[in-house]
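**Student:** Structure file model-v2.csv, CSV, C-alpha atoms and all ligand atoms, is pasted below:
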chain,number,residue,atom,x,y,z
A,446,MET,CA,67.5,109.1,127.0
A,447,LYS,CA,64.1,110.3,125.7
A,448,PHE,CA,63.6,110.5,121.9
A,449,THR,CA,62.8,114.2,121.9
A,450,TYR,CA,64.5,117.2,120.3
A,451,GLU,CA,64.9,118.6,123.9
A,452,ALA,CA,66.8,115.5,125.0
A,453,TYR,CA,68.9,115.5,121.8
A,454,LYS,CA,69.8,119.1,122.4
A,455,ALA,CA,70.7,118.2,126.0
A,456,LEU,CA,73.0,115.6,124.7
A,457,LEU,CA,74.7,118.2,122.4
A,458,ALA,CA,75.1,120.4,125.4
A,459,LEU,CA,76.7,117.6,127.4
A,460,LEU,CA,79.1,117.1,124.5
A,461,LYS,CA,80.0,120.8,124.5
A,462,LYS,CA,80.5,120.8,128.2
A,463,GLY,CA,82.7,117.8,127.9
A,464,GLY,CA,85.0,119.7,125.6
A,465,TYR,CA,84.2,117.6,122.5
A,466,ALA,CA,84.7,119.6,119.2
A,467,PHE,CA,82.1,118.8,116.5
A,468,ARG,CA,83.9,117.5,113.5
A,469,ASN,CA,83.0,115.6,110.4
A,470,TYR,CA,84.5,112.6,108.5
A,471,HIS,CA,87.0,114.9,106.7
A,472,ASN,CA,88.3,117.2,109.5
A,473,TYR,CA,88.3,115.0,112.6
A,474,GLY,CA,92.1,115.0,112.5
A,475,ASP,CA,92.2,118.7,113.5
A,476,THR,CA,91.7,118.0,117.1
A,477,SER,CA,92.1,115.1,119.5
A,478,ARG,CA,88.9,115.5,121.5
A,479,CYS,CA,86.0,115.4,119.1
A,480,VAL,CA,82.7,113.9,118.1
A,481,ILE,CA,81.3,113.0,114.7
A,482,LEU,CA,77.5,113.1,114.5
A,483,ARG,CA,76.1,110.8,111.9
A,484,HIS,CA,72.4,110.6,110.9
A,485,ASP,CA,71.1,107.8,108.6
A,486,ILE,CA,67.9,108.7,106.8
A,487,ASP,CA,66.0,105.4,106.5
A,488,PHE,CA,62.4,106.6,106.2
A,489,SER,CA,61.7,110.3,106.1
A,490,LEU,CA,63.5,113.4,104.7
A,491,GLU,CA,61.0,115.6,106.6
A,492,SER,CA,62.1,114.3,110.0
A,493,ALA,CA,65.7,114.7,109.0
A,494,VAL,CA,65.0,118.4,108.2
A,495,ARG,CA,63.5,118.9,111.6
A,496,LEU,CA,66.5,117.4,113.4
A,497,ALA,CA,68.9,119.4,111.2
A,498,GLU,CA,67.0,122.6,112.3
A,499,ALA,CA,67.3,121.6,115.9
A,500,GLU,CA,71.1,121.1,115.5
A,501,ARG,CA,71.4,124.4,113.7
A,502,LYS,CA,69.8,126.1,116.7
A,503,ALA,CA,72.3,124.4,118.9
A,504,GLY,CA,75.1,125.7,116.7
A,505,VAL,CA,76.2,122.2,115.6
A,506,SER,CA,76.7,120.6,112.2
A,507,SER,CA,76.7,117.0,111.2
A,508,THR,CA,76.3,114.6,108.3
A,509,TYR,CA,73.0,113.3,107.0
A,510,PHE,CA,73.2,110.1,104.9
A,511,VAL,CA,70.6,109.7,102.2
A,512,LEU,CA,69.4,106.6,100.4
A,513,LEU,CA,69.0,106.7,96.7
A,514,ARG,CA,67.5,103.3,96.2
A,515,THR,CA,64.6,103.4,98.7
A,516,ASP,CA,60.8,103.1,98.4
A,517,PHE,CA,60.2,105.5,101.3
A,518,TYR,CA,61.3,108.8,99.8
A,519,ASN,CA,62.7,110.3,96.6
A,520,PRO,CA,65.8,112.5,96.7
A,521,ALA,CA,65.2,113.3,93.0
A,522,SER,CA,61.7,114.7,93.4
A,523,ARG,CA,61.2,118.5,93.8
A,524,ARG,CA,60.3,118.1,97.4
A,525,GLY,CA,63.1,115.6,98.1
A,526,THR,CA,65.8,117.7,96.6
A,527,ALA,CA,64.5,120.8,98.4
A,528,ALA,CA,64.6,118.9,101.7
A,529,LEU,CA,68.3,117.9,101.1
A,530,ARG,CA,69.2,121.5,100.1
A,531,ARG,CA,67.5,122.8,103.2
A,532,ILE,CA,69.7,120.4,105.3
A,533,GLN,CA,72.8,121.7,103.5
A,534,SER,CA,71.7,125.3,103.9
A,535,LEU,CA,71.6,124.7,107.7
A,536,GLY,CA,75.3,123.9,107.6
A,537,HIS,CA,75.2,120.1,107.4
A,538,GLU,CA,76.8,117.7,105.0
A,539,ILE,CA,74.9,115.3,102.8
A,540,GLY,CA,76.4,111.8,102.3
A,541,LEU,CA,75.2,108.7,100.6
A,542,HIS,CA,73.4,106.0,102.6
A,543,PHE,CA,74.1,102.9,100.5
A,544,ASP,CA,71.9,99.8,100.6
A,545,GLU,CA,73.9,97.0,99.1
A,546,ARG,CA,70.8,94.7,99.4
A,547,ALA,CA,69.1,96.8,96.7
A,548,TYR,CA,71.4,94.9,94.3
A,549,LEU,CA,70.9,91.4,92.9
A,550,PRO,CA,72.9,89.4,92.4
A,551,GLU,CA,75.0,90.3,95.5
A,552,LEU,CA,77.8,92.8,94.7
A,553,LEU,CA,81.4,91.7,94.9
A,554,PRO,CA,83.8,94.1,96.8
A,555,ASP,CA,85.1,95.9,93.7
A,556,GLN,CA,81.5,96.1,92.3
A,557,LEU,CA,80.4,97.5,95.6
A,558,ALA,CA,83.0,100.3,95.5
A,559,ARG,CA,81.9,101.1,91.9
A,560,ALA,CA,78.2,101.2,92.8
A,561,VAL,CA,78.9,103.5,95.7
A,562,ILE,CA,80.8,105.9,93.3
A,563,GLU,CA,77.9,105.7,90.8
A,564,GLU,CA,75.3,106.5,93.4
A,565,SER,CA,77.4,109.3,94.9
A,566,GLY,CA,77.7,110.7,91.5
A,567,ILE,CA,73.9,110.7,91.0
A,568,LEU,CA,73.3,112.3,94.4
A,569,SER,CA,76.0,114.8,93.7
A,570,ALA,CA,74.4,115.7,90.3
A,571,LEU,CA,71.0,116.1,92.0
A,572,LEU,CA,72.4,118.5,94.6
A,573,GLY,CA,75.0,120.2,92.5
A,574,THR,CA,77.6,119.7,95.2
A,575,PRO,CA,80.1,116.9,95.8
A,576,VAL,CA,79.1,113.9,97.8
A,577,SER,CA,82.2,112.4,99.4
A,578,THR,CA,81.0,110.3,102.4
A,579,VAL,CA,79.1,107.0,102.6
A,580,SER,CA,77.4,105.0,105.3
A,581,MET,CA,75.9,101.6,104.8
A,582,HIS,CA,72.3,100.7,105.3
A,583,ARG,CA,71.8,97.1,106.6
A,584,PRO,CA,75.5,96.2,105.8
A,585,SER,CA,76.4,92.6,105.1
A,586,ARG,CA,78.8,90.8,107.3
A,587,SER,CA,81.6,91.0,104.7
A,588,THR,CA,81.1,94.8,104.5
A,589,LEU,CA,81.2,95.1,108.3
A,590,GLU,CA,84.3,92.8,108.7
A,591,GLY,CA,86.2,94.1,105.6
A,592,GLU,CA,87.7,97.4,104.9
A,593,LEU,CA,86.0,98.8,101.8
A,594,LEU,CA,88.2,101.5,100.2
A,595,ILE,CA,86.4,103.7,97.8
A,596,PRO,CA,88.5,106.2,95.8
A,597,GLY,CA,87.4,109.8,96.6
A,598,ILE,CA,84.9,108.8,99.2
A,599,VAL,CA,85.2,108.4,103.0
A,600,ASN,CA,83.6,105.2,104.2
A,601,SER,CA,82.1,105.8,107.6
A,602,TYR,CA,82.3,102.1,108.2
A,603,GLY,CA,86.1,102.3,107.8
A,604,LYS,CA,87.9,100.7,110.7
A,605,ILE,CA,89.3,104.0,112.0
A,606,PHE,CA,85.8,105.2,112.9
A,607,PHE,CA,85.3,102.2,115.2
A,608,ARG,CA,88.8,101.6,116.4
A,609,ASP,CA,89.9,105.2,117.2
A,610,PHE,CA,86.4,106.3,118.1
A,611,LYS,CA,83.8,105.1,120.7
A,612,TYR,CA,80.8,104.3,118.5
A,613,LEU,CA,77.3,104.8,119.9
A,614,SER,CA,74.1,104.2,118.0
A,615,ASP,CA,70.3,104.5,118.6
A,616,SER,CA,69.6,101.7,116.1
A,617,ARG,CA,66.0,100.4,116.3
A,618,ARG,CA,65.2,103.3,118.6
A,619,SER,CA,67.4,101.9,121.4
A,620,TRP,CA,70.8,103.0,122.6
A,621,GLN,CA,72.9,99.9,123.0
A,622,GLU,CA,74.9,101.7,125.8
A,623,PRO,CA,74.0,104.6,128.1
A,624,VAL,CA,75.1,107.4,125.8
A,625,GLU,CA,74.7,110.3,128.2
A,626,ASP,CA,76.7,108.5,130.9
A,627,ILE,CA,79.4,107.8,128.5
A,628,VAL,CA,79.6,111.4,127.3
A,629,ARG,CA,79.5,112.6,130.9
A,630,SER,CA,82.3,110.3,131.9
A,631,GLY,CA,84.6,112.0,129.4
A,632,GLU,CA,86.4,108.6,129.2
A,633,TYR,CA,86.7,108.6,125.4
A,634,GLU,CA,88.6,111.2,123.4
A,635,ARG,CA,86.7,110.5,120.2
A,636,LEU,CA,83.1,109.8,119.8
A,637,HIS,CA,81.2,108.6,116.7
A,638,ILE,CA,77.4,108.9,117.3
A,639,LEU,CA,74.7,107.6,115.0
A,640,THR,CA,71.2,108.8,115.4
A,641,HIS,CA,68.1,108.3,113.3
A,642,ALA,CA,66.1,111.5,113.1
A,643,PHE,CA,62.9,109.5,112.4
A,644,TRP,CA,62.6,108.5,116.1
A,645,TYR,CA,62.8,112.0,117.5
A,646,HIS,CA,59.8,114.2,118.2
A,647,GLU,CA,58.7,117.3,120.2
A,648,LYS,CA,57.1,115.0,122.7
A,649,ASP,CA,58.3,111.6,123.8
A,650,GLU,CA,56.3,108.8,122.2
A,651,ASP,CA,56.7,105.0,122.1
A,652,ILE,CA,58.1,103.1,119.1
A,653,SER,CA,54.7,101.7,118.0
A,654,ARG,CA,53.2,105.2,118.0
A,655,THR,CA,56.0,106.6,115.8
A,656,ALA,CA,55.9,103.7,113.4
A,657,GLY,CA,52.0,103.7,113.4
A,658,ASP,CA,51.7,107.4,112.7
A,659,PHE,CA,54.2,107.1,109.8
A,660,ILE,CA,52.3,104.1,108.3
A,661,ARG,CA,49.0,105.8,108.6
A,662,SER,CA,50.2,109.1,107.2
A,663,ALA,CA,51.0,107.3,103.9
A,664,ASN,CA,47.4,107.5,102.7
A,665,ARG,CA,47.2,111.2,103.2
A,666,GLU,CA,50.6,111.6,101.5
A,667,ARG,CA,49.4,109.5,98.5
A,668,TYR,CA,46.2,111.5,98.2
A,669,ARG,CA,48.0,114.8,98.2
A,670,ARG,CA,50.4,113.6,95.5
A,671,MET,CA,47.5,112.2,93.4
A,672,ALA,CA,45.7,115.6,93.7
A,673,GLU,CA,48.8,117.2,92.2
A,674,ASN,CA,48.8,114.9,89.2
A,675,ILE,CA,45.1,114.3,88.4
A,676,THR,CA,42.4,116.9,88.0
A,677,ASP,CA,39.6,116.9,90.6
A,678,ILE,CA,40.7,113.9,92.6
A,679,GLU,CA,37.7,114.5,94.9
A,680,SER,CA,35.3,113.5,92.2
A,681,ILE,CA,37.1,110.2,91.9
A,682,PHE,CA,37.8,109.4,95.6
A,683,PRO,CA,36.4,111.5,98.5
A,684,LYS,CA,39.0,113.3,100.6
A,685,SER,CA,37.0,112.5,103.7
A,686,GLU,CA,37.9,108.9,103.3
A,687,VAL,CA,41.6,109.7,103.8
A,688,PHE,CA,41.6,112.7,106.1
A,689,LYS,CA,39.5,111.3,108.9
A,701,ZN,ZN,70.0,102.8,107.3
Kindly return the structure encoded in the file as structure tokens.
**Tutor:**
Amino acid sequence: MKFTYEAYKALLALLKKGGYAFRNYHNYGDTSRCVILRHDIDFSLESAVRLAEAERKAGVSSTYFVLLRTDFYNPASRRGTAALRRIQSLGHEIGLHFDERAYLPELLPDQLARAVIEESGILSALLGTPVSTVSMHRPSRSTLEGELLIPGIVNSYGKIFFRDFKYLSDSRRSWQEPVEDIVRSGEYERLHILTHAFWYHEKDEDISRTAGDFIRSANRERYRRMAENITDIESIFPKSEVFK
């Protein structure tokens, strides 16, 4: 499968054709044949917004999981919060993407549950809406193997979402299994599909191009933000050095 919006929309069409109802982590019990679409936002809120728009056009809603403790974006900034509200306004849910490795020393299971509740509360306060789902970013072996129960929050790593659902993921921009063939086969009643919006574009591009463009764009982004916070940035550092 190509990593384009077109190919992603074709996958959604295949799911519809296969009779899969689009459900979320709360209402999947409504119907036996369904798919839960999950998106982890590891690098860019902007690319998440673009995929959320593509899904809206396809009449589909999903869950976008947002990191609180990341150096790549800021859900509390004006732009960051606006991006998340935009995703919500398109009919999608915002969940917490939790990075347990952001904590030192390592969290024990009950501390982990408490930290998830705390971070969900912060995200919820930023958005003014409840946050009641979590997915794990770079989960530890004990998180993967255990069953972390968090009061009031659905853990997308709960055993049910792997045992009762066929789980498919495009981690590291590579489908571990042929997702389209599996959907087309109709073999599984319940599907749980993880995609990372960051890898998807209008045109197909390779992984190094996607990563490289993102890395190179950081200077321009930094320059724009400095220009907002310091008068006459151009007299200090020429714009032409950054926008080549
Ligand atoms: Zn992640």
**Student:** Using all atoms listed in the file, which protein or nucleic acid residues come within 9 Å of Glu650 (chain A)? Drop anything in the same chain fewer than 4 positions from it, and give the result as a list in words.
**Tutor:** Lys447, Phe448, Thr449, Trp644, Tyr645, His646, Arg654 and Thr655 of chain A
**Student:** Grab me every residue within 8 Å of ligand ZN 701 (chain A), counting only C-alpha atoms and all ligand atoms, and send it over as a list in words.
**Tutor:** Asp485, Ile486, Asp487, Leu512, His542, Phe543, Asp544, Ser580, Met581, His582 and Arg583 of chain A
**Student:** Determine, counting all atoms listed in the file, which protein, DNA and RNA residues have an atom within 8 Å of an atom of Glu625 (chain A); residues of the same chain fewer than 6 positions away are not included. Present the result as a CSV table (one decimal) with C-alpha atoms, in the frame of the given file.
**Tutor:**
chain,number,residue,atom,x,y,z
A,446,MET,CA,67.5,109.1,127.0
A,456,LEU,CA,73.0,115.6,124.7
A,459,LEU,CA,76.7,117.6,127.4
**Student:** Tell me, in Å to one decimal, how far CA of Arg501 (chain A) is from CA of Glu538 (chain A).
**Tutor:** 12.2 Å
**Student:** Could you check which of A:Arg617, A:Lys461, A:Arg669, A:Arg514 is closest to Ser653 (chain A), using all atoms listed in the file?
**Tutor:**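 Among A:Arg617, A:Lys461, A:Arg669, A:Arg514, it is A:Arg617 that comes nearest to Ser653 (chain A).
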**Student:** Between A:Tyr633, A:Phe467, A:Phe688, A:Tyr612, which residue has the minimum interatomic distance to Ile481 (chain A), considering all atoms listed in the file?
**Tutor:**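 Closest candidate: A:Phe467.
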**Student:** Near Ile567 (chain A), counting all atoms listed in the file, which residues have an atom at most 12 Å away, once you skip same-chain residues fewer than 6 positions from it, shown as a PyMOL selection string?
**Tutor:** chain A and resi 511-514+520-521+540-541+560-561+573-577
**Student:** Which residues are close to region 589-603 of chain A, i.e. within 7 Å by all atoms listed in the file, leaving aside same-chain residues fewer than 5 positions away? Reply as a PyMOL selection string.
**Tutor:** chain A and resi 470+558+577-580+584
**Student:** Can you list, as a PyMOL selection string, every protein, DNA or RNA residue that comes within 8 Å of Ala503 (chain A) when you count only C-alpha atoms, leaving out same-chain residues fewer than 2 positions away?
**Tutor:** chain A and resi 454+457+499-501+505
**Student:** Would you mind exporting C-alpha atoms of the selected residues as a tab-separated table (two decimals), keeping the file's coordinate frame?
**Tutor:**
chain	number	residue	atom	x	y	z
A	454	LYS	CA	69.80	119.10	122.40
A	457	LEU	CA	74.70	118.20	122.40
A	499	ALA	CA	67.30	121.60	115.90
A	500	GLU	CA	71.10	121.10	115.50
A	501	ARG	CA	71.40	124.40	113.70
A	505	VAL	CA	76.20	122.20	115.60
**Student:** With all atoms listed in the file as the basis for distance, which of A:Tyr473, A:Asp516, A:Ser506, A:Leu529 is at the shortest distance from Ile605 (chain A)?
**Tutor:**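 Of A:Tyr473, A:Asp516, A:Ser506, A:Leu529, the one nearest Ile605 (chain A), counting all atoms listed in the file, is A:Tyr473.
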**Student:** In Å, how far is it from CA of Val494 (chain A) to CA of Arg531 (chain A)?
**Tutor:**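 Separation between CA of Val494 (chain A) and CA of Arg531 (chain A): 7.1 Å.
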**Student:** How many Å lie between CA of Arg608 (chain A) and CA of Gly504 (chain A), rounded to one decimal?
**Tutor:**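 These atoms are spaced 27.7 Å apart.
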**Student:** Which one of A:His537, A:Arg546, A:His484, A:Arg665 sits closest to Lys684 (chain A) if you count all atoms listed in the file?
**Tutor:**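 That would be A:Arg665, the residue with the smallest distance to Lys684 (chain A).
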**Student:** My list of candidates is A:Gly464, A:Gly566, A:Gly536, A:Gly525. Which is closest to Glu498 (chain A) when distances are computed with only C-alpha atoms?
**Tutor:** A:Gly536
**Student:** Kindly indicate which residue among A:Asn469, A:Thr515, A:Ser614, A:Asn664 lies nearest to Phe488 (chain A), using all atoms listed in the file for the distances.
**Tutor:**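 Among the listed residues, the smallest separation from Phe488 (chain A) belongs to A:Thr515.
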**Student:** Is it possible to add N, CA and C atoms to region 498-512 of chain A and hand it back as an mmCIF file, keeping the file's coordinate frame?
**Tutor:**
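Output (result_15.cif):
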data_model
loop_
_atom_site.group_PDB
_atom_site.id
_atom_site.type_symbol
_atom_site.label_atom_id
_atom_site.label_comp_id
_atom_site.auth_asym_id
_atom_site.auth_seq_id
_atom_site.Cartn_x
_atom_site.Cartn_y
_atom_site.Cartn_z
ATOM 1 N N GLU A 498 67.336 121.254 111.751
ATOM 2 C CA GLU A 498 67.000 122.600 112.300
ATOM 3 C C GLU A 498 67.352 122.685 113.764
ATOM 4 N N ALA A 499 67.035 121.627 114.498
ATOM 5 C CA ALA A 499 67.300 121.600 115.900
ATOM 6 C C ALA A 499 68.864 121.719 116.154
ATOM 7 N N GLU A 500 69.625 121.029 115.317
ATOM 8 C CA GLU A 500 71.100 121.100 115.500
ATOM 9 C C GLU A 500 71.604 122.482 115.130
ATOM 10 N N ARG A 501 71.023 123.073 114.098
ATOM 11 C CA ARG A 501 71.400 124.400 113.700
ATOM 12 C C ARG A 501 71.236 125.389 114.888
ATOM 13 N N LYS A 502 70.065 125.269 115.533
ATOM 14 C CA LYS A 502 69.800 126.100 116.700
ATOM 15 C C LYS A 502 70.811 125.929 117.791
ATOM 16 N N ALA A 503 71.327 124.708 117.880
ATOM 17 C CA ALA A 503 72.300 124.400 118.900
ATOM 18 C C ALA A 503 73.745 124.777 118.425
ATOM 19 N N GLY A 504 73.840 125.284 117.189
ATOM 20 C CA GLY A 504 75.100 125.700 116.700
ATOM 21 C C GLY A 504 76.051 124.537 116.293
ATOM 22 N N VAL A 505 75.428 123.415 115.885
ATOM 23 C CA VAL A 505 76.200 122.200 115.600
ATOM 24 C C VAL A 505 75.948 121.730 114.198
ATOM 25 N N SER A 506 76.980 121.175 113.559
ATOM 26 C CA SER A 506 76.700 120.600 112.200
ATOM 27 C C SER A 506 77.140 119.142 112.196
ATOM 28 N N SER A 507 76.514 118.421 111.259
ATOM 29 C CA SER A 507 76.700 117.000 111.200
ATOM 30 C C SER A 507 76.544 116.460 109.807
ATOM 31 N N THR A 508 76.472 115.152 109.653
ATOM 32 C CA THR A 508 76.300 114.600 108.300
ATOM 33 C C THR A 508 75.073 113.733 108.234
ATOM 34 N N TYR A 509 74.270 114.009 107.204
ATOM 35 C CA TYR A 509 73.000 113.300 107.000
ATOM 36 C C TYR A 509 73.219 112.359 105.759
ATOM 37 N N PHE A 510 73.004 111.065 105.965
ATOM 38 C CA PHE A 510 73.200 110.100 104.900
ATOM 39 C C PHE A 510 71.871 109.711 104.261
ATOM 40 N N VAL A 511 71.832 109.832 102.937
ATOM 41 C CA VAL A 511 70.600 109.700 102.200
ATOM 42 C C VAL A 511 70.593 108.490 101.292
ATOM 43 N N LEU A 512 69.505 107.734 101.331
ATOM 44 C CA LEU A 512 69.400 106.600 100.400
ATOM 45 C C LEU A 512 68.919 107.037 99.065
#
